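Quick look at structure.tsv (TSV, C-alpha atoms and all ligand atoms):
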chain	number	residue	atom	x	y	z
A	25	MET	CA	-126.94	-143.26	9.93
A	26	ILE	CA	-127.72	-142.94	13.64
A	27	ASN	CA	-126.31	-145.42	16.04
A	28	LEU	CA	-129.06	-145.70	18.63
A	29	ASP	CA	-127.74	-147.40	21.73
A	30	ILE	CA	-130.45	-149.85	22.76
A	31	GLU	CA	-129.12	-150.10	26.33
A	32	LYS	CA	-129.48	-146.35	26.77
A	33	LEU	CA	-133.01	-146.37	25.38
A	34	LEU	CA	-134.03	-149.30	27.60
A	35	ASN	CA	-132.63	-147.51	30.65
A	36	LEU	CA	-134.76	-144.49	29.90
A	37	THR	CA	-137.93	-146.46	29.17
A	38	THR	CA	-140.51	-146.12	31.93
A	39	ASP	CA	-142.96	-148.62	30.41
A	40	LYS	CA	-141.83	-152.27	30.50
A	41	ASP	CA	-144.55	-153.23	28.01
A	42	LEU	CA	-142.55	-151.40	25.38
A	43	PHE	CA	-139.41	-153.62	25.70
A	44	PRO	CA	-140.52	-156.24	23.12
A	45	ILE	CA	-141.62	-153.46	20.77
A	46	ILE	CA	-138.25	-151.72	21.07
A	47	ASP	CA	-136.56	-155.03	20.21
A	48	LYS	CA	-138.77	-155.50	17.17
A	49	VAL	CA	-138.17	-151.97	15.88
A	50	LEU	CA	-134.42	-152.25	16.28
A	51	ASN	CA	-134.44	-155.68	14.57
A	52	GLU	CA	-136.55	-154.27	11.72
A	53	GLU	CA	-139.46	-156.60	12.49
A	54	ARG	CA	-142.95	-155.52	11.54
A	55	LEU	CA	-145.18	-154.39	14.45
A	56	SER	CA	-148.53	-156.11	15.07
A	57	PHE	CA	-152.00	-154.79	15.88
A	58	GLU	CA	-151.33	-155.53	19.58
A	59	ASP	CA	-148.04	-153.63	19.45
A	60	GLY	CA	-149.86	-150.63	17.97
A	61	LEU	CA	-152.44	-150.76	20.75
A	62	LYS	CA	-149.76	-151.01	23.47
A	63	LEU	CA	-148.02	-147.98	22.01
A	64	PHE	CA	-151.23	-145.93	22.10
A	65	GLN	CA	-151.94	-147.08	25.67
A	66	SER	CA	-148.45	-146.16	26.87
A	67	ASN	CA	-147.61	-142.81	28.43
A	68	ASP	CA	-143.92	-143.21	27.68
A	69	ILE	CA	-143.99	-140.58	24.99
A	70	LEU	CA	-140.22	-140.04	24.98
A	71	THR	CA	-139.42	-143.69	24.24
A	72	ILE	CA	-142.09	-143.81	21.52
A	73	GLY	CA	-140.81	-140.55	20.04
A	74	SER	CA	-137.13	-141.61	20.13
A	75	LEU	CA	-137.95	-144.89	18.40
A	76	ALA	CA	-139.97	-143.10	15.74
A	77	ASN	CA	-137.24	-140.52	15.19
A	78	TYR	CA	-134.73	-143.36	14.87
A	79	ILE	CA	-136.82	-144.87	12.05
A	80	THR	CA	-137.37	-141.49	10.38
A	81	GLU	CA	-133.66	-140.74	10.33
A	82	LYS	CA	-132.92	-144.24	9.02
A	83	LYS	CA	-135.34	-143.62	6.15
A	84	ASN	CA	-134.72	-139.92	5.43
A	85	GLY	CA	-131.60	-138.89	7.33
A	86	LYS	CA	-131.84	-135.43	8.86
A	87	TYR	CA	-133.90	-134.11	5.94
A	88	ALA	CA	-137.33	-132.61	6.62
A	89	TYR	CA	-139.49	-131.57	3.72
A	90	PHE	CA	-141.81	-128.70	2.81
A	91	VAL	CA	-143.53	-127.69	-0.41
A	92	ILE	CA	-144.53	-124.35	-1.86
A	93	ASN	CA	-148.16	-125.07	-2.54
A	94	ARG	CA	-151.63	-123.62	-2.72
A	95	GLN	CA	-154.84	-125.16	-1.54
A	96	LEU	CA	-157.86	-124.58	-3.72
A	97	ASN	CA	-161.43	-125.48	-2.78
A	98	PRO	CA	-163.59	-124.77	-5.86
A	99	THR	CA	-166.90	-125.15	-4.01
A	100	ASN	CA	-168.13	-125.91	-0.51
A	101	VAL	CA	-171.55	-127.11	-1.65
A	102	CYS	CA	-171.63	-130.83	-0.88
A	103	VAL	CA	-174.29	-133.53	-0.91
A	104	LEU	CA	-172.61	-135.54	1.86
A	105	ASP	CA	-173.32	-133.58	5.07
A	106	CYS	CA	-170.51	-135.14	7.18
A	107	LYS	CA	-170.98	-134.40	10.86
A	108	PHE	CA	-167.39	-133.29	11.52
A	109	CYS	CA	-167.22	-130.90	8.58
A	110	ALA	CA	-167.60	-127.15	9.14
A	111	PHE	CA	-166.48	-126.23	5.63
A	112	ALA	CA	-169.26	-127.66	3.48
A	113	THR	CA	-172.91	-126.82	3.23
A	114	ILE	CA	-175.59	-129.09	1.78
A	115	ASP	CA	-177.75	-126.11	0.76
A	116	LYS	CA	-176.52	-124.17	-2.26
A	117	ASN	CA	-178.66	-121.19	-1.17
A	118	ASP	CA	-176.97	-121.03	2.24
A	119	PRO	CA	-175.29	-117.59	2.58
A	120	LYS	CA	-171.95	-119.32	3.21
A	121	ALA	CA	-172.23	-121.45	0.00
A	122	TYR	CA	-169.81	-120.55	-2.79
A	123	GLU	CA	-168.82	-121.74	-6.26
A	124	MET	CA	-165.67	-120.55	-8.00
A	125	ASN	CA	-165.75	-119.96	-11.73
A	126	TYR	CA	-162.84	-120.89	-14.01
A	127	GLU	CA	-161.55	-117.30	-14.04
A	128	GLU	CA	-161.30	-117.20	-10.24
A	129	ILE	CA	-159.53	-120.56	-10.26
A	130	ILE	CA	-157.02	-119.39	-12.87
A	131	ASN	CA	-156.38	-116.16	-10.93
A	132	LYS	CA	-155.67	-118.08	-7.74
A	133	VAL	CA	-153.33	-120.53	-9.45
A	134	SER	CA	-151.63	-117.67	-11.32
A	135	HIS	CA	-150.93	-115.93	-8.01
A	136	ALA	CA	-149.57	-119.20	-6.57
A	137	VAL	CA	-147.26	-119.69	-9.56
A	138	LYS	CA	-145.93	-116.13	-9.10
A	139	GLU	CA	-145.22	-117.05	-5.47
A	140	GLY	CA	-143.13	-120.01	-6.64
A	141	ALA	CA	-145.68	-122.80	-6.04
A	142	SER	CA	-144.89	-126.20	-7.56
A	143	GLU	CA	-148.20	-127.75	-6.41
A	144	VAL	CA	-151.89	-126.91	-6.35
A	145	HIS	CA	-153.89	-129.11	-3.96
A	146	ILE	CA	-157.57	-129.19	-4.94
A	147	VAL	CA	-160.42	-130.60	-2.85
A	148	GLY	CA	-163.99	-129.47	-2.49
A	149	GLY	CA	-167.61	-130.40	-2.14
A	150	LEU	CA	-169.63	-132.89	-4.18
A	151	HIS	CA	-171.76	-130.24	-5.86
A	152	PRO	CA	-175.26	-131.51	-6.80
A	153	ASP	CA	-175.34	-129.54	-10.09
A	154	TRP	CA	-171.79	-130.01	-11.36
A	155	SER	CA	-170.97	-132.70	-13.91
A	156	PHE	CA	-167.80	-134.78	-14.15
A	157	LYS	CA	-166.92	-132.59	-17.15
A	158	ASP	CA	-167.06	-129.47	-14.93
A	159	TYR	CA	-164.54	-131.02	-12.50
A	160	LEU	CA	-162.42	-132.36	-15.37
A	161	ASN	CA	-162.29	-128.86	-16.89
A	162	ILE	CA	-160.80	-127.48	-13.67
A	163	VAL	CA	-157.83	-129.79	-14.18
A	164	SER	CA	-157.48	-129.16	-17.92
A	165	ILE	CA	-157.69	-125.34	-17.75
A	166	ILE	CA	-155.08	-125.24	-14.98
A	167	LYS	CA	-152.81	-127.56	-16.96
A	168	LYS	CA	-153.30	-125.56	-20.15
A	169	ASN	CA	-152.42	-122.26	-18.48
A	170	PHE	CA	-149.72	-123.56	-16.12
A	171	PRO	CA	-148.19	-126.72	-17.63
A	172	ASP	CA	-145.45	-126.96	-14.98
A	173	ILE	CA	-147.58	-126.98	-11.85
A	174	HIS	CA	-148.34	-130.36	-10.27
A	175	ILE	CA	-152.09	-130.82	-9.85
A	176	LYS	CA	-152.82	-132.90	-6.76
A	177	ALA	CA	-156.57	-133.10	-6.93
A	178	PHE	CA	-159.74	-134.83	-5.80
A	179	THR	CA	-159.99	-137.26	-2.92
A	180	ALA	CA	-161.20	-140.83	-3.37
A	181	VAL	CA	-164.62	-139.59	-2.26
A	182	GLU	CA	-164.73	-137.20	-5.22
A	183	ILE	CA	-163.48	-139.90	-7.61
A	184	ASP	CA	-166.34	-142.16	-6.49
A	185	TYR	CA	-168.80	-139.26	-7.06
A	186	PHE	CA	-167.40	-138.66	-10.57
A	187	SER	CA	-167.84	-142.35	-11.32
A	188	LYS	CA	-171.50	-142.16	-10.26
A	189	LEU	CA	-172.03	-138.92	-12.25
A	190	SER	CA	-170.43	-140.21	-15.44
A	191	GLY	CA	-171.22	-143.93	-15.41
A	192	LEU	CA	-167.50	-144.61	-15.86
A	193	ASP	CA	-165.60	-146.99	-13.59
A	194	TYR	CA	-162.82	-145.77	-11.28
A	195	GLU	CA	-160.08	-146.62	-13.75
A	196	GLU	CA	-161.80	-144.72	-16.57
A	197	VAL	CA	-162.42	-141.67	-14.37
A	198	LEU	CA	-158.81	-141.61	-13.20
A	199	GLN	CA	-157.50	-142.13	-16.73
A	200	LYS	CA	-159.54	-139.17	-18.02
A	201	LEU	CA	-158.28	-136.98	-15.16
A	202	LYS	CA	-154.72	-138.12	-15.82
A	203	GLU	CA	-155.05	-137.26	-19.51
A	204	ALA	CA	-156.38	-133.81	-18.50
A	205	GLY	CA	-153.27	-133.20	-16.37
A	206	LEU	CA	-153.90	-134.72	-12.94
A	207	GLY	CA	-150.56	-135.40	-11.23
A	208	SER	CA	-151.60	-137.28	-8.08
A	209	LEU	CA	-154.41	-137.81	-5.57
A	210	PRO	CA	-154.56	-136.21	-2.10
A	211	GLY	CA	-155.39	-138.32	0.93
A	212	GLY	CA	-158.58	-136.70	2.26
A	213	GLY	CA	-161.80	-138.59	2.84
A	214	ALA	CA	-160.23	-141.49	4.71
A	215	GLU	CA	-161.51	-140.23	8.09
A	216	ILE	CA	-161.56	-143.40	10.23
A	217	PHE	CA	-162.16	-146.69	8.43
A	218	SER	CA	-164.27	-148.30	11.19
A	219	PRO	CA	-167.80	-148.68	9.74
A	220	GLU	CA	-169.34	-148.01	13.19
A	221	VAL	CA	-167.50	-144.70	13.54
A	222	ARG	CA	-168.21	-143.77	9.92
A	223	ARG	CA	-171.94	-144.31	10.55
A	224	ILE	CA	-171.71	-141.60	13.24
A	225	ILE	CA	-169.37	-139.07	11.65
A	226	ALA	CA	-169.87	-139.51	7.89
A	227	PRO	CA	-172.89	-141.75	7.21
A	228	LYS	CA	-173.14	-140.93	3.49
A	229	LYS	CA	-169.44	-141.19	2.66
A	230	ILE	CA	-167.91	-144.18	0.82
A	231	GLY	CA	-166.47	-146.88	3.08
A	232	TRP	CA	-162.84	-147.90	3.52
A	233	LYS	CA	-162.92	-150.62	0.86
A	234	LYS	CA	-163.86	-148.16	-1.89
A	235	TYR	CA	-161.43	-145.54	-0.54
A	236	LEU	CA	-158.52	-147.99	-0.78
A	237	GLU	CA	-159.73	-149.52	-4.06
A	238	ILE	CA	-159.63	-146.04	-5.65
A	239	HIS	CA	-156.12	-145.33	-4.37
A	240	LYS	CA	-154.86	-148.75	-5.49
A	241	THR	CA	-156.43	-148.20	-8.94
A	242	ALA	CA	-154.68	-144.83	-9.17
A	243	HIS	CA	-151.38	-146.45	-8.19
A	244	ARG	CA	-151.78	-149.09	-10.90
A	245	LEU	CA	-152.26	-146.28	-13.43
A	246	GLY	CA	-148.94	-144.81	-12.32
A	247	LEU	CA	-150.41	-142.05	-10.15
A	248	HIS	CA	-149.04	-141.62	-6.63
A	249	SER	CA	-151.19	-140.52	-3.72
A	250	THR	CA	-151.11	-139.55	-0.07
A	251	THR	CA	-153.37	-140.94	2.64
A	252	THR	CA	-154.80	-139.63	5.90
A	253	MET	CA	-156.53	-140.47	9.19
A	254	LEU	CA	-158.86	-138.08	11.04
A	255	TYR	CA	-158.33	-138.65	14.78
A	256	GLY	CA	-159.44	-137.11	18.06
A	257	HIS	CA	-163.23	-137.40	17.77
A	258	VAL	CA	-165.29	-140.52	18.67
A	259	GLU	CA	-162.84	-143.18	17.53
A	260	SER	CA	-160.94	-145.57	19.84
A	261	TYR	CA	-157.23	-146.48	19.80
A	262	LYS	CA	-158.28	-149.82	18.27
A	263	ASP	CA	-159.95	-147.93	15.41
A	264	ARG	CA	-156.77	-145.93	14.82
A	265	VAL	CA	-154.52	-149.00	14.73
A	266	ASP	CA	-156.96	-150.86	12.48
A	267	HIS	CA	-157.05	-147.86	10.11
A	268	ILE	CA	-153.27	-147.55	9.94
A	269	LEU	CA	-152.78	-151.29	9.35
A	270	LYS	CA	-155.35	-151.35	6.54
A	271	ILE	CA	-153.28	-148.64	4.85
A	272	ARG	CA	-150.12	-150.70	5.43
A	273	ASP	CA	-151.77	-153.71	3.75
A	274	ALA	CA	-152.79	-151.60	0.74
A	275	GLN	CA	-149.29	-150.19	0.45
A	276	ASP	CA	-147.87	-153.75	0.46
A	277	GLU	CA	-149.98	-154.38	-2.66
A	278	THR	CA	-149.16	-151.27	-4.74
A	279	GLY	CA	-146.47	-149.13	-3.07
A	280	GLY	CA	-148.10	-145.95	-4.38
A	281	PHE	CA	-148.55	-143.94	-1.17
A	282	THR	CA	-145.86	-141.32	-0.70
A	283	CYS	CA	-146.95	-140.01	2.68
A	284	PHE	CA	-149.31	-140.57	5.60
A	285	ILE	CA	-150.94	-137.55	7.26
A	286	PRO	CA	-152.69	-137.85	10.63
A	287	LEU	CA	-155.33	-135.07	10.66
A	288	ALA	CA	-156.16	-133.68	14.11
A	289	TYR	CA	-159.91	-133.15	14.51
A	290	GLN	CA	-160.97	-129.48	14.81
A	291	PRO	CA	-164.12	-129.20	16.94
A	292	GLU	CA	-165.90	-125.95	16.09
A	293	ASN	CA	-168.97	-125.11	13.94
A	294	ASN	CA	-169.95	-128.71	13.23
A	295	ASP	CA	-172.53	-131.28	14.39
A	296	LEU	CA	-170.34	-133.66	16.38
A	297	ASN	CA	-170.32	-131.75	19.69
A	298	ILE	CA	-166.95	-133.06	20.86
A	299	GLY	CA	-166.03	-129.66	22.23
A	300	LYS	CA	-162.27	-130.09	22.48
A	301	HIS	CA	-159.13	-129.97	20.38
A	302	THR	CA	-156.65	-132.86	20.43
A	303	SER	CA	-153.82	-132.59	22.99
A	304	GLY	CA	-150.19	-132.04	22.05
A	305	ILE	CA	-149.32	-135.42	23.55
A	306	ASP	CA	-151.95	-137.17	21.45
A	307	ASP	CA	-150.74	-135.39	18.29
A	308	LEU	CA	-147.13	-136.42	18.91
A	309	LYS	CA	-148.03	-139.98	19.89
A	310	THR	CA	-150.22	-140.44	16.82
A	311	ILE	CA	-147.49	-139.20	14.51
A	312	ALA	CA	-144.82	-141.35	16.19
A	313	ILE	CA	-146.93	-144.52	16.21
A	314	SER	CA	-147.89	-143.98	12.57
A	315	ARG	CA	-144.18	-143.83	11.75
A	316	LEU	CA	-143.56	-147.07	13.67
A	317	LEU	CA	-146.47	-149.03	12.18
A	318	LEU	CA	-146.18	-147.81	8.59
A	319	ASP	CA	-142.82	-149.36	7.79
A	320	ASN	CA	-143.64	-149.26	4.07
A	321	ILE	CA	-144.63	-145.59	3.66
A	322	PRO	CA	-141.70	-143.26	2.98
A	323	HIS	CA	-142.92	-140.06	4.67
A	324	ILE	CA	-145.05	-138.95	7.63
A	325	LYS	CA	-146.46	-135.44	7.59
A	326	ALA	CA	-146.97	-133.17	10.62
A	327	TYR	CA	-149.64	-130.92	9.13
A	328	TRP	CA	-148.98	-127.57	10.82
A	329	VAL	CA	-152.43	-126.27	9.88
A	330	MET	CA	-154.21	-128.74	12.18
A	331	ILE	CA	-151.68	-129.27	15.00
A	332	GLY	CA	-150.17	-125.78	15.02
A	333	GLU	CA	-146.65	-124.70	14.15
A	334	LYS	CA	-145.16	-125.51	17.55
A	335	ILE	CA	-146.34	-129.12	17.77
A	336	ALA	CA	-145.49	-129.63	14.08
A	337	GLN	CA	-141.97	-128.48	14.84
A	338	VAL	CA	-141.61	-130.84	17.80
A	339	ALA	CA	-143.13	-133.65	15.68
A	340	LEU	CA	-140.07	-133.43	13.43
A	341	ASN	CA	-138.28	-135.21	16.28
A	342	PHE	CA	-141.18	-137.63	16.88
A	343	GLY	CA	-141.34	-139.43	13.53
A	344	ALA	CA	-142.44	-136.76	11.05
A	345	ASP	CA	-140.19	-135.66	8.19
A	346	ASP	CA	-142.60	-133.32	6.40
A	347	ILE	CA	-144.64	-130.26	7.43
A	348	ASP	CA	-146.68	-129.74	4.23
A	349	GLY	CA	-146.34	-126.26	2.81
A	350	THR	CA	-147.19	-122.61	2.39
A	351	VAL	CA	-150.85	-123.55	1.69
A	352	MET	CA	-151.73	-119.89	0.87
A	353	GLU	CA	-155.46	-120.17	1.73
A	354	GLU	CA	-156.77	-122.82	4.14
A	355	LYS	CA	-160.50	-123.17	4.72
A	356	ILE	CA	-161.41	-126.71	5.88
A	357	ALA	CA	-159.60	-126.66	9.24
A	358	HIS	CA	-160.13	-122.95	9.88
A	359	PHE	CA	-163.91	-123.08	9.44
A	360	ALA	CA	-163.74	-125.77	12.16
A	361	GLY	CA	-161.70	-123.68	14.60
A	362	ALA	CA	-158.02	-124.29	13.75
A	363	LYS	CA	-155.87	-121.82	15.69
A	364	SER	CA	-152.97	-121.76	13.21
A	365	PRO	CA	-152.50	-119.10	10.51
A	366	THR	CA	-154.25	-119.73	7.18
A	367	GLN	CA	-150.97	-119.58	5.26
A	368	GLN	CA	-147.25	-119.71	5.89
A	369	GLN	CA	-144.20	-117.97	4.48
A	370	LYS	CA	-141.52	-120.26	3.06
A	371	GLU	CA	-138.92	-118.58	5.33
A	372	LYS	CA	-140.97	-119.50	8.41
A	373	LEU	CA	-141.16	-123.16	7.34
A	374	ILE	CA	-137.40	-123.21	6.83
A	375	ARG	CA	-136.86	-121.69	10.26
A	376	LEU	CA	-139.23	-124.16	11.98
A	377	ILE	CA	-137.33	-127.07	10.43
A	378	LYS	CA	-133.86	-125.71	11.18
A	379	GLU	CA	-134.76	-124.99	14.81
A	380	ALA	CA	-135.91	-128.61	15.11
A	381	GLY	CA	-132.37	-129.67	14.23
A	382	LYS	CA	-133.29	-130.94	10.75
A	383	ILE	CA	-132.22	-129.92	7.26
A	384	PRO	CA	-134.99	-128.16	5.31
A	385	VAL	CA	-135.65	-129.50	1.81
A	386	GLU	CA	-138.06	-127.75	-0.53
A	387	ARG	CA	-139.63	-130.67	-2.42
A	388	ASP	CA	-142.07	-131.19	-5.23
A	389	THR	CA	-145.24	-133.23	-4.67
A	390	LEU	CA	-143.43	-136.52	-5.31
A	391	TYR	CA	-140.58	-135.71	-2.90
A	392	ASN	CA	-138.00	-134.81	-5.53
A	393	PRO	CA	-135.77	-132.19	-3.88
A	394	ILE	CA	-136.01	-128.71	-5.41
A	395	ARG	CA	-133.61	-127.00	-2.99
A	396	ILE	CA	-131.75	-128.17	0.10
A	397	TYR	CA	-131.10	-125.53	2.78
A	398	ASP	CA	-128.03	-127.08	4.36
A	399	LYS	CA	-125.98	-123.94	4.89
B	401	LIG	O1	-161.02	-135.17	4.10
B	401	LIG	C1	-162.67	-132.07	7.57
B	401	LIG	C2	-160.53	-133.35	7.09
B	401	LIG	C3	-159.65	-133.43	5.03
B	401	LIG	C4	-162.30	-131.51	9.61
B	401	LIG	O2	-153.05	-135.28	1.09
B	401	LIG	C5	-161.18	-132.16	9.11
B	401	LIG	O3	-151.23	-134.16	1.55
B	401	LIG	C6	-160.11	-131.90	11.10
B	401	LIG	O4	-157.16	-134.33	3.49
B	401	LIG	N1	-161.18	-131.30	11.66
B	401	LIG	C7	-159.15	-132.56	3.91
B	401	LIG	N2	-160.09	-132.36	9.84
B	401	LIG	C8	-157.72	-132.14	4.12
B	401	LIG	C9	-156.77	-133.22	3.73
B	401	LIG	C10	-155.34	-132.92	3.58
B	401	LIG	C11	-154.77	-131.82	4.18
B	401	LIG	C12	-153.40	-131.58	3.99
B	401	LIG	C13	-152.63	-132.40	3.19
B	401	LIG	C14	-153.24	-133.50	2.58
B	401	LIG	C15	-152.45	-134.37	1.68
B	401	LIG	C16	-154.59	-133.77	2.78
B	401	LIG	O5	-159.79	-132.62	6.17
B	401	LIG	C17	-160.99	-134.06	4.91
B	401	LIG	C18	-161.26	-134.44	6.34
B	401	LIG	O6	-160.64	-135.65	6.64
B	401	LIG	N3	-161.44	-132.51	7.87
B	401	LIG	N4	-163.21	-131.45	8.64
B	401	LIG	C19	-162.29	-131.09	10.96
B	401	LIG	N5	-163.37	-130.53	11.53
Target encoding structure tokens, full file:
Amino acid sequence: MINLDIEKLLNLTTDKDLFPIIDKVLNEERLSFEDGLKLFQSNDILTIGSLANYITEKKNGKYAYFVINRQLNPTNVCVLDCKFCAFATIDKNDPKAYEMNYEEIINKVSHAVKEGASEVHIVGGLHPDWSFKDYLNIVSIIKKNFPDIHIKAFTAVEIDYFSKLSGLDYEEVLQKLKEAGLGSLPGGGAEIFSPEVRRIIAPKKIGWKKYLEIHKTAHRLGLHSTTTMLYGHVESYKDRVDHILKIRDAQDETGGFTCFIPLAYQPENNDLNIGKHTSGIDDLKTIAISRLLLDNIPHIKAYWVMIGEKIAQVALNFGADDIDGTVMEEKIAHFAGAKSPTQQQKEKLIRLIKEAGKIPVERDTLYNPIRIYDK
């Protein structure tokens, strides 16, 4: 356990407004909305980062996690038309529209399994012609062919769509998916919970209440999930703190979230016209403040795909203890201008973590260690 010397930290702190927050963190007191806002308004990135790293190491020691995984996006045809999204198309006759058949899906998962993947992470569009059965079959054919792979599939937005398609309620949809082999839910679709911001960036998407209701229902059925926040577009710091605290409240109720992932907005090929990527400082601050506010979520992920390998590596000393995985084929961020590679070798992930002074742990989806690289 680290012994952080509070006197030393206070001496280094350039922002007096942070003193009461430092006290609270060191006394294990929960931070408030106002504390969250003060942290975002502060430029004292080193104090915020040190505090977050202190909490991370208290929770997870020096361990930092990665997973050998594959992303799979069965279709990009989607009825929603979110303004920030460069991946999906509303028109199935658009030249960039695609639909994978079951054979293609099996081939991709088979390749991933040969590469040592323990997880397949599936998200895609809400296709106007696909039935709930079509989506359910994706899960069952993968499970039938590869019984050992963990299927982390379908965001809350997709679960809501399946409920509308099938006439089943959320619990029934999730139960059917679980029976077919679903292992957990990914965190996409959260965007920013503020209804005003949602009206601008994703007017047709379900609101925050349904998003959290679906996750809490999954948790009650024994399924774990991750959760996200899309930042760096039109939202304010207040919106970010409000979003994070709503997740904290939900986690108090069910305890089913394993990890929080801040997703840095990628600005290209979409209808939002923001024109700029997030800054490294904003990425690090958002990760660190998430760690400080979310005292009840075990892990914070620095998603290298969206913030780049270098910032993800630094983030491992600013509150993150996870950098996601090998990914193998990333589309959502890269269609929108992500500058990172579309996949990563396991050796590179191990090196990034070691160079950050942490101990790499290959994990499964639920954070059970598969191999610790401590030599
Ligand atoms: O829901 C879409 C986001 C999400 C853009 O659960 C964009 O472990 C940035 O949720 N710029 C999908 N983000 C990806 C996702 C995810 C990724 C990695 C790990 C996990 C996890 C979840 O990507 C979408 C949306 O929020 N997104 N467009 C964009 N232009």
Give as a list in words the residues surrounding ligand LIG 401 (chain B) up to a distance of 7 Å, considering only C-alpha atoms and all ligand atoms.
Phe108, Cys109, Ala110, Phe111, Pro210, Gly211, Gly212, Gly213, Ala214, Glu215, Thr250, Thr251, Thr252, Met253, Leu254, Ile285, Leu287, Ala288, Tyr289, Gln290, Pro291, Glu292, Tyr327, Met330, Asp348, Ile356, Ala357 and Ala360 of chain A
Who sits within 8 Å of Gln367 (chain A), all atoms listed in the file, same chain under 5 positions skipped, as a list in words:
Thr350, Val351, Met352, Glu353 and Glu354 of chain A
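For the pair CA of Gly280 (chain A) and CA of Lys240 (chain A), the interatomic distance is 7.4 Å.
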By how many Å are CA of Ile238 (chain A) and CA of Phe217 (chain A) apart?
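Between CA of Ile238 (chain A) and CA of Phe217 (chain A) the gap works out to 14.3 Å.
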Nearest residue to Asn67 (chain A) out of A:Leu316, A:Ile305, A:Ala112, A:Leu36, using all atoms listed in the file?
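Between A:Leu316, A:Ile305, A:Ala112, A:Leu36, the residue approaching Asn67 (chain A) most closely is A:Ile305.
If you measure from each of A:Asp59, A:Asp172, A:Glu379, A:Glu333 to Lys363 (chain A) using all atoms listed in the file, the closest one turns out to be A:Glu333.
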For the point (-137.4, -141.5, 13.5) in file coordinates, what residues are within 9 Å, counting all atoms listed in the file? Give the answer as a ChimeraX atom specification?
/A:73-85,312,315-316,340-345
